[in-house]
file structure18.cif (mmCIF, C-alpha atoms and all ligand atoms)
data_start
loop_
_atom_site.label_atom_id
_atom_site.label_comp_id
_atom_site.auth_asym_id
_atom_site.auth_seq_id
_atom_site.Cartn_x
_atom_site.Cartn_y
_atom_site.Cartn_z
CA MET A 1 124.96 113.91 59.53
CA ALA A 2 126.21 116.45 62.06
CA MET A 3 128.84 114.84 64.19
CA ALA A 4 131.33 116.12 66.72
CA GLU A 5 134.92 115.56 65.78
CA VAL A 6 136.05 112.45 67.60
CA SER A 7 139.50 111.19 68.30
CA ALA A 8 138.96 108.09 70.42
CA ARG A 9 139.36 104.85 68.57
CA HIS A 10 137.96 102.69 71.34
CA LEU A 11 135.13 102.86 73.82
CA LEU A 12 136.69 101.52 77.00
CA GLU A 13 135.04 103.62 79.68
CA ILE A 14 132.95 106.76 80.14
CA ALA A 15 136.00 108.83 81.15
CA GLY A 16 137.36 108.31 77.63
CA LEU A 17 134.50 110.37 76.18
CA ASP A 18 134.63 114.14 76.19
CA ASP A 19 131.50 116.23 76.76
CA ARG A 20 130.92 116.73 73.05
CA ASP A 21 131.09 112.98 72.44
CA LEU A 22 128.67 112.36 75.29
CA GLY A 23 126.22 114.95 74.05
CA TRP A 24 126.44 113.64 70.51
CA LEU A 25 125.96 110.00 71.52
CA LEU A 26 122.88 110.71 73.65
CA ASP A 27 121.31 113.00 71.06
CA ARG A 28 122.00 110.52 68.33
CA ALA A 29 120.59 107.55 70.29
CA CYS A 30 117.39 109.51 70.92
CA ALA A 31 117.18 110.67 67.30
CA LEU A 32 117.63 107.12 66.01
CA SER A 33 114.92 105.88 68.38
CA ALA A 34 112.65 108.62 67.03
CA GLY A 35 113.18 107.42 63.46
CA ALA A 36 116.30 109.24 62.19
CA GLN A 37 117.99 107.58 59.23
CA PRO A 38 120.91 105.43 60.40
CA ALA A 39 124.30 105.55 58.68
CA VAL A 40 125.25 102.68 56.37
CA LEU A 41 128.61 101.32 57.46
CA ASP A 42 130.63 98.91 55.37
CA ARG A 43 132.29 97.35 58.38
CA THR A 44 132.74 93.97 60.05
CA VAL A 45 132.48 93.60 63.81
CA VAL A 46 133.16 90.59 66.00
CA ASN A 47 131.37 89.76 69.25
CA LEU A 48 133.84 88.10 71.61
CA PHE A 49 132.10 87.36 74.90
CA PHE A 50 134.00 85.45 77.58
CA GLU A 51 131.06 85.78 79.99
CA PRO A 52 127.39 84.93 79.53
CA SER A 53 125.23 87.60 77.96
CA THR A 54 121.82 87.80 76.34
CA ARG A 55 120.86 91.44 75.94
CA THR A 56 124.26 93.06 75.46
CA ARG A 57 125.45 90.62 72.81
CA VAL A 58 122.17 90.57 70.91
CA SER A 59 121.83 94.34 71.23
CA PHE A 60 125.26 94.96 69.68
CA GLU A 61 124.43 92.45 66.97
CA LEU A 62 121.09 94.07 66.13
CA ALA A 63 122.62 97.55 66.23
CA ALA A 64 125.36 96.50 63.83
CA SER A 65 122.96 94.83 61.43
CA ARG A 66 120.68 97.89 61.38
CA LEU A 67 123.71 99.85 60.18
CA GLY A 68 124.35 97.33 57.42
CA MET A 69 127.42 95.92 59.12
CA ARG A 70 128.56 92.31 59.13
CA VAL A 71 128.58 90.68 62.56
CA ILE A 72 130.50 87.59 63.54
CA ASN A 73 129.73 85.89 66.84
CA VAL A 74 132.73 83.87 67.95
CA GLU A 75 131.65 80.72 69.73
CA LEU A 76 134.22 80.59 72.46
CA GLU A 77 133.95 76.92 73.28
CA ARG A 78 134.88 76.26 69.65
CA SER A 79 137.49 79.02 69.36
CA SER A 80 141.27 78.88 69.65
CA SER A 81 141.20 80.50 73.08
CA VAL A 82 140.49 77.00 74.43
CA LYS A 83 143.79 75.96 72.79
CA GLY A 84 145.68 78.61 74.74
CA GLU A 85 145.74 81.46 72.24
CA SER A 86 146.20 84.85 73.90
CA LEU A 87 143.54 87.50 73.51
CA GLU A 88 146.10 89.71 71.76
CA ASP A 89 146.74 86.98 69.17
CA THR A 90 143.01 86.37 68.74
CA ALA A 91 142.52 90.09 68.13
CA ALA A 92 145.37 90.22 65.61
CA THR A 93 143.98 87.15 63.84
CA LEU A 94 140.51 88.67 63.54
CA ALA A 95 141.97 91.97 62.31
CA ALA A 96 144.00 90.12 59.68
CA MET A 97 140.75 88.65 58.36
CA GLY A 98 139.30 92.11 57.98
CA ALA A 99 137.44 92.68 61.25
CA HIS A 100 137.19 96.40 62.00
CA ALA A 101 136.00 96.23 65.61
CA LEU A 102 135.99 93.82 68.49
CA ILE A 103 133.21 93.90 71.05
CA LEU A 104 134.75 92.36 74.13
CA ARG A 105 133.24 91.10 77.34
CA HIS A 106 135.71 89.59 79.77
CA PRO A 107 135.60 88.49 83.43
CA GLU A 108 138.94 90.14 84.20
CA THR A 109 138.73 93.76 85.35
CA GLY A 110 140.85 95.95 83.08
CA ARG A 111 141.26 93.31 80.36
CA CYS A 112 139.84 95.52 77.62
CA HIS A 113 142.13 98.40 78.60
CA ARG A 114 145.11 96.06 78.63
CA LEU A 115 144.24 94.72 75.20
CA ALA A 116 143.87 98.28 73.91
CA ALA A 117 147.30 99.18 75.31
CA GLU A 118 148.95 96.15 73.75
CA LEU A 119 147.09 96.06 70.46
CA ALA A 120 149.51 96.24 67.56
CA VAL A 121 146.81 96.14 64.88
CA ASP A 122 144.24 98.60 63.62
CA LEU A 123 141.14 97.39 65.41
CA HIS A 124 138.51 99.32 67.33
CA LEU A 125 137.62 97.99 70.76
CA LEU A 126 134.27 98.27 72.45
CA ASN A 127 134.23 97.31 76.09
CA ALA A 128 131.02 95.33 76.66
CA GLY A 129 131.90 94.76 80.32
CA ASP A 130 135.20 93.89 82.01
CA GLY A 131 134.93 92.15 85.40
CA SER A 132 133.97 94.75 87.98
CA GLY A 133 135.45 97.47 85.79
CA HIS A 134 133.39 99.35 83.24
CA HIS A 135 130.34 98.93 81.03
CA PRO A 136 130.13 102.20 79.13
CA SER A 137 127.46 101.24 76.60
CA GLN A 138 125.11 100.26 79.44
CA ALA A 139 125.50 103.64 81.17
CA LEU A 140 124.96 105.43 77.87
CA LEU A 141 121.81 103.46 77.14
CA ASP A 142 120.56 104.12 80.68
CA ALA A 143 120.96 107.85 80.16
CA ALA A 144 119.42 107.69 76.68
CA THR A 145 116.44 105.78 78.08
CA LEU A 146 115.80 108.47 80.66
CA VAL A 147 116.17 111.30 78.16
CA ALA A 148 113.91 109.56 75.62
CA SER A 149 111.35 109.00 78.39
CA GLY A 150 111.28 112.72 79.18
CA ILE A 151 113.26 112.57 82.44
CA ARG A 152 115.56 115.57 82.91
CA LEU A 153 119.00 114.45 84.02
CA GLU A 154 119.97 118.01 84.91
CA GLY A 155 119.15 118.26 88.62
CA ALA A 156 117.99 114.64 88.88
CA ARG A 157 118.31 112.69 92.12
CA ILE A 158 119.57 109.20 91.40
CA ALA A 159 119.53 106.22 93.77
CA VAL A 160 121.65 103.14 93.00
CA ILE A 161 120.98 100.08 95.12
CA GLY A 162 122.50 96.66 95.64
CA ASP A 163 125.86 95.10 94.85
CA LEU A 164 127.84 98.20 93.99
CA LEU A 165 131.14 96.60 94.86
CA HIS A 166 131.13 94.25 91.88
CA SER A 167 129.02 96.26 89.48
CA ARG A 168 130.67 97.63 86.35
CA VAL A 169 127.30 99.16 85.48
CA ALA A 170 127.29 101.17 88.73
CA ARG A 171 130.87 102.30 88.12
CA SER A 172 130.01 103.55 84.64
CA VAL A 173 126.78 105.18 85.80
CA MET A 174 128.60 106.96 88.64
CA ALA A 175 131.07 108.26 86.06
CA LEU A 176 128.37 109.39 83.64
CA PHE A 177 125.44 110.86 85.54
CA PRO A 178 127.31 113.62 87.40
CA ARG A 179 128.61 114.81 84.03
CA LEU A 180 125.04 115.01 82.75
CA GLY A 181 124.08 117.31 85.59
CA ALA A 182 122.59 114.89 88.14
CA ALA A 183 122.10 116.82 91.38
CA GLU A 184 122.70 113.88 93.64
CA ILE A 185 123.73 110.24 93.45
CA ARG A 186 122.99 108.22 96.56
CA VAL A 187 123.90 104.58 96.92
CA ALA A 188 122.93 101.88 99.38
CA GLY A 189 123.37 98.17 99.81
CA PRO A 190 124.67 95.53 102.21
CA ALA A 191 127.82 96.75 103.98
CA GLN A 192 130.01 94.13 102.32
CA LEU A 193 128.71 95.06 98.85
CA VAL A 194 129.27 98.81 98.91
CA PRO A 195 132.86 99.95 98.32
CA ASP A 196 134.53 102.05 101.00
CA SER A 197 135.57 104.71 98.56
CA LEU A 198 133.03 106.22 96.21
CA PRO A 199 133.57 108.77 93.44
CA ALA A 200 133.25 112.46 94.26
CA GLY A 201 129.63 113.53 94.37
CA VAL A 202 128.34 110.08 95.32
CA SER A 203 127.10 109.57 98.87
CA ARG A 204 126.19 106.48 100.78
CA VAL A 205 123.16 105.98 102.99
CA ASP A 206 122.26 103.02 105.17
CA THR A 207 118.77 101.91 104.25
CA LEU A 208 116.56 101.36 101.26
CA ASP A 209 113.91 103.71 102.66
CA GLU A 210 116.48 106.45 102.93
CA VAL A 211 118.11 106.00 99.54
CA VAL A 212 114.85 106.11 97.58
CA GLN A 213 113.65 109.26 99.40
CA ALA A 214 112.61 111.83 96.76
CA ALA A 215 114.58 110.00 94.07
CA ASP A 216 113.80 110.72 90.41
CA VAL A 217 115.56 107.57 89.23
CA ILE A 218 116.02 104.32 91.12
CA MET A 219 118.53 101.90 89.66
CA MET A 220 118.53 98.37 91.02
CA LEU A 221 121.51 96.04 90.66
CA ARG A 222 121.78 92.27 90.57
CA ILE A 223 123.98 90.50 93.12
CA GLN A 224 127.05 89.50 91.09
CA HIS A 225 127.38 85.99 92.50
CA GLU A 226 129.94 85.11 89.86
CA ARG A 227 132.35 87.64 91.37
CA MET A 228 132.14 86.44 94.98
CA ASP A 229 132.97 83.39 97.04
CA ARG A 230 129.98 81.16 97.51
CA HIS A 231 130.09 81.59 101.30
CA ALA A 232 129.76 85.36 100.85
CA TRP A 233 126.49 85.09 98.92
CA PRO A 234 123.72 86.89 100.75
CA ASP A 235 120.69 84.85 101.77
CA VAL A 236 117.99 85.54 99.17
CA ALA A 237 115.00 85.89 101.49
CA SER A 238 116.68 88.27 103.91
CA TYR A 239 118.23 90.18 101.01
CA HIS A 240 114.81 90.72 99.48
CA ALA A 241 113.35 91.80 102.82
CA GLN A 242 116.06 94.39 103.34
CA TRP A 243 117.10 95.47 99.84
CA GLY A 244 114.39 94.31 97.45
CA LEU A 245 112.53 97.18 95.79
CA GLN A 246 108.81 96.97 96.45
CA GLU A 247 105.88 99.17 95.60
CA ARG A 248 105.81 100.81 99.01
CA HIS A 249 109.31 102.21 98.36
CA LEU A 250 108.02 104.01 95.29
CA ASP A 251 105.69 106.03 97.50
CA LEU A 252 108.77 107.47 99.22
CA ALA A 253 110.38 108.43 95.91
CA GLY A 254 109.73 111.50 93.74
CA SER A 255 106.31 111.59 92.11
CA GLY A 256 107.64 110.94 88.60
CA CYS A 257 110.24 108.43 89.72
CA ARG A 258 111.27 105.75 87.20
CA VAL A 259 112.97 102.43 87.90
CA LEU A 260 115.96 101.12 85.96
CA HIS A 261 117.71 97.76 86.06
CA PRO A 262 120.42 96.71 83.59
CA GLY A 263 119.18 93.12 83.66
CA PRO A 264 119.23 90.25 84.02
CA ILE A 265 116.68 90.82 86.78
CA ASN A 266 116.28 88.41 89.66
CA ARG A 267 112.62 88.66 90.60
CA GLY A 268 111.97 88.34 94.30
CA VAL A 269 115.61 89.17 95.08
CA GLU A 270 116.56 92.78 94.26
CA ILE A 271 113.17 93.64 92.76
CA SER A 272 109.58 92.54 93.27
CA ASN A 273 107.37 91.46 90.39
CA ALA A 274 105.04 94.38 91.05
CA VAL A 275 107.84 96.92 90.56
CA ALA A 276 109.55 95.12 87.68
CA ASP A 277 106.29 94.94 85.73
CA GLY A 278 104.77 98.16 87.09
CA SER A 279 104.17 101.50 85.42
CA ARG A 280 107.34 103.09 86.85
CA SER A 281 109.60 100.43 85.36
CA LEU A 282 111.72 101.34 82.34
CA ILE A 283 113.45 97.96 82.24
CA LEU A 284 112.23 96.89 78.81
CA GLU A 285 112.59 100.42 77.51
CA GLN A 286 116.27 100.19 78.48
CA VAL A 287 116.56 97.07 76.36
CA ARG A 288 114.82 98.79 73.42
CA MET A 289 116.97 101.93 73.71
CA GLY A 290 120.09 99.80 74.03
CA VAL A 291 119.96 99.00 70.34
CA PHE A 292 119.75 102.70 69.38
CA ALA A 293 122.47 103.65 71.85
CA ARG A 294 124.76 101.03 70.33
CA MET A 295 123.95 102.16 66.80
CA ALA A 296 125.03 105.65 67.87
CA ILE A 297 128.18 104.17 69.42
CA PHE A 298 129.10 102.39 66.18
CA GLU A 299 128.52 105.54 64.12
CA TRP A 300 130.70 107.51 66.54
CA LEU A 301 133.40 104.84 66.68
CA PHE A 302 133.85 104.59 62.93
CA ALA A 303 133.57 108.34 62.37
CA ALA A 304 137.04 108.48 63.96
CA ASP A 305 138.39 106.73 60.85
CA GLY A 306 137.63 109.84 58.82
C1 LIG B 401 125.07 93.77 83.46
C2 LIG B 401 126.48 93.27 83.24
O1 LIG B 401 126.70 92.27 82.55
O2 LIG B 401 127.35 93.92 83.78
N1 LIG B 401 124.16 93.30 82.54
C3 LIG B 401 124.10 93.84 81.30
O3 LIG B 401 125.07 94.00 80.62
N2 LIG B 401 122.89 94.23 80.87
C4 LIG B 401 124.62 93.64 84.85
C5 LIG B 401 124.58 92.27 85.46
O4 LIG B 401 125.08 91.30 84.92
O5 LIG B 401 124.04 92.21 86.56
#
call {"tool": "encode", "arguments": {"input": "structure18.cif", "output": "structure tokens", "more": "lines below"}}
Ligand code: NCD
result
Amino acid sequence: MAMAEVSARHLLEIAGLDDRDLGWLLDRACALSAGAQPAVLDRTVVNLFFEPSTRTRVSFELAASRLGMRVINVELERSSSVKGESLEDTAATLAAMGAHALILRHPETGRCHRLAAELAVDLHLLNAGDGSGHHPSQALLDAATLVASGIRLEGARIAVIGDLLHSRVARSVMALFPRLGAAEIRVAGPAQLVPDSLPAGVSRVDTLDEVVQAADVIMMLRIQHERMDRHAWPDVASYHAQWGLQERHLDLAGSGCRVLHPGPINRGVEISNAVADGSRSLILEQVRMGVFARMAIFEWLFAADG
């Protein structure tokens, strides 16, 4: 298997990947989805999710099992973390039992980076989402979905809409897509849910009509209620009226425009049924490609072991 030389031992965020890694991961995800033979990896990985998850956890699990790996899902309510064990001690304990990688989802922003910095044992870390921080495998699968669907990222106009302030997906996407040649990334959402400072190359507009204008890719985001005070929750009906993606918005977008959403989707809030289930939607394709993207990520991660 042709593989770029890799040095990173963890996947914490997009910025930790060099251009060769990025190119390799996307090519490999697409090749695997087109039927390429996966590697067989004699490795054990542990899913440690301190936040709810359906697709990400199952996707990592399926990806690992398609590579012949052993997967352990730690049931947190029955784990020693409820007895006060630190994450560092949990990681060391799992490594001592022979785990090779930890797939971590945590509500605290930066927790995966902090664990990586303090880790005294030989264990790979995959960041499956840290608070409002990063979600690199989601951004990679988003890009792989577009490439596999025949969308050129070079020169693409991308619109990202909704709760950008709390979205680790948006942060990772804004780090990834400019590096893949996107011509423009425009964002829009309620004033209190769009951060004041945006990465270079990302611009903010004020309305949904404006942000979708001529877009090749529209990415919708869920309101991250779990990261806000209850009194700050937007009212669902007025949110949908102002920020919910409906079919009429697609007429303003580019002719081949496709719609992404990392899920879970909230129908009738950020997206209408007609769009979620319509012909422009790649939402289930993202889920399908997620497994291949994560297979590629595992192959890349363990290739660093030599
Ligand atoms: C996202 C997440 O958890 O950050 N979901 C996912 O991983 N597919 C987005 C979200 O929860 O809204």
call {"tool": "residues_near_ligand", "arguments": {"input": "structure18.cif", "ligand": "ligand LIG 401 (chain B)", "cutoff": "9 Å", "atoms": "only C-alpha atoms and all ligand atoms", "output": "ChimeraX atom specification"}}
result
/A:51-57,105,128-132,134-135,137-138,163,166-170,221-224,261-265,287
call {"tool": "closest_residue", "arguments": {"input": "structure18.cif", "among": "A:Ala241, A:Pro107, A:Gly268, A:Val211", "to": "A:Gly254", "atoms": "all atoms listed in the file"}}
result
A:Val211
call {"tool": "atom_distance", "arguments": {"input": "structure18.cif", "atom1": "atom CA of A:Leu140", "atom2": "atom CA of A:Gly278"}}
result
23.4 Å
call {"tool": "atom_distance", "arguments": {"input": "structure18.cif", "atom1": "atom CA of A:Val202", "atom2": "atom CA of A:Ala253"}}
result
18.0 Å
call {"tool": "atom_distance", "arguments": {"input": "structure18.cif", "atom1": "atom CA of A:Asp122", "atom2": "atom CA of A:Leu25"}}
result
22.9 Å
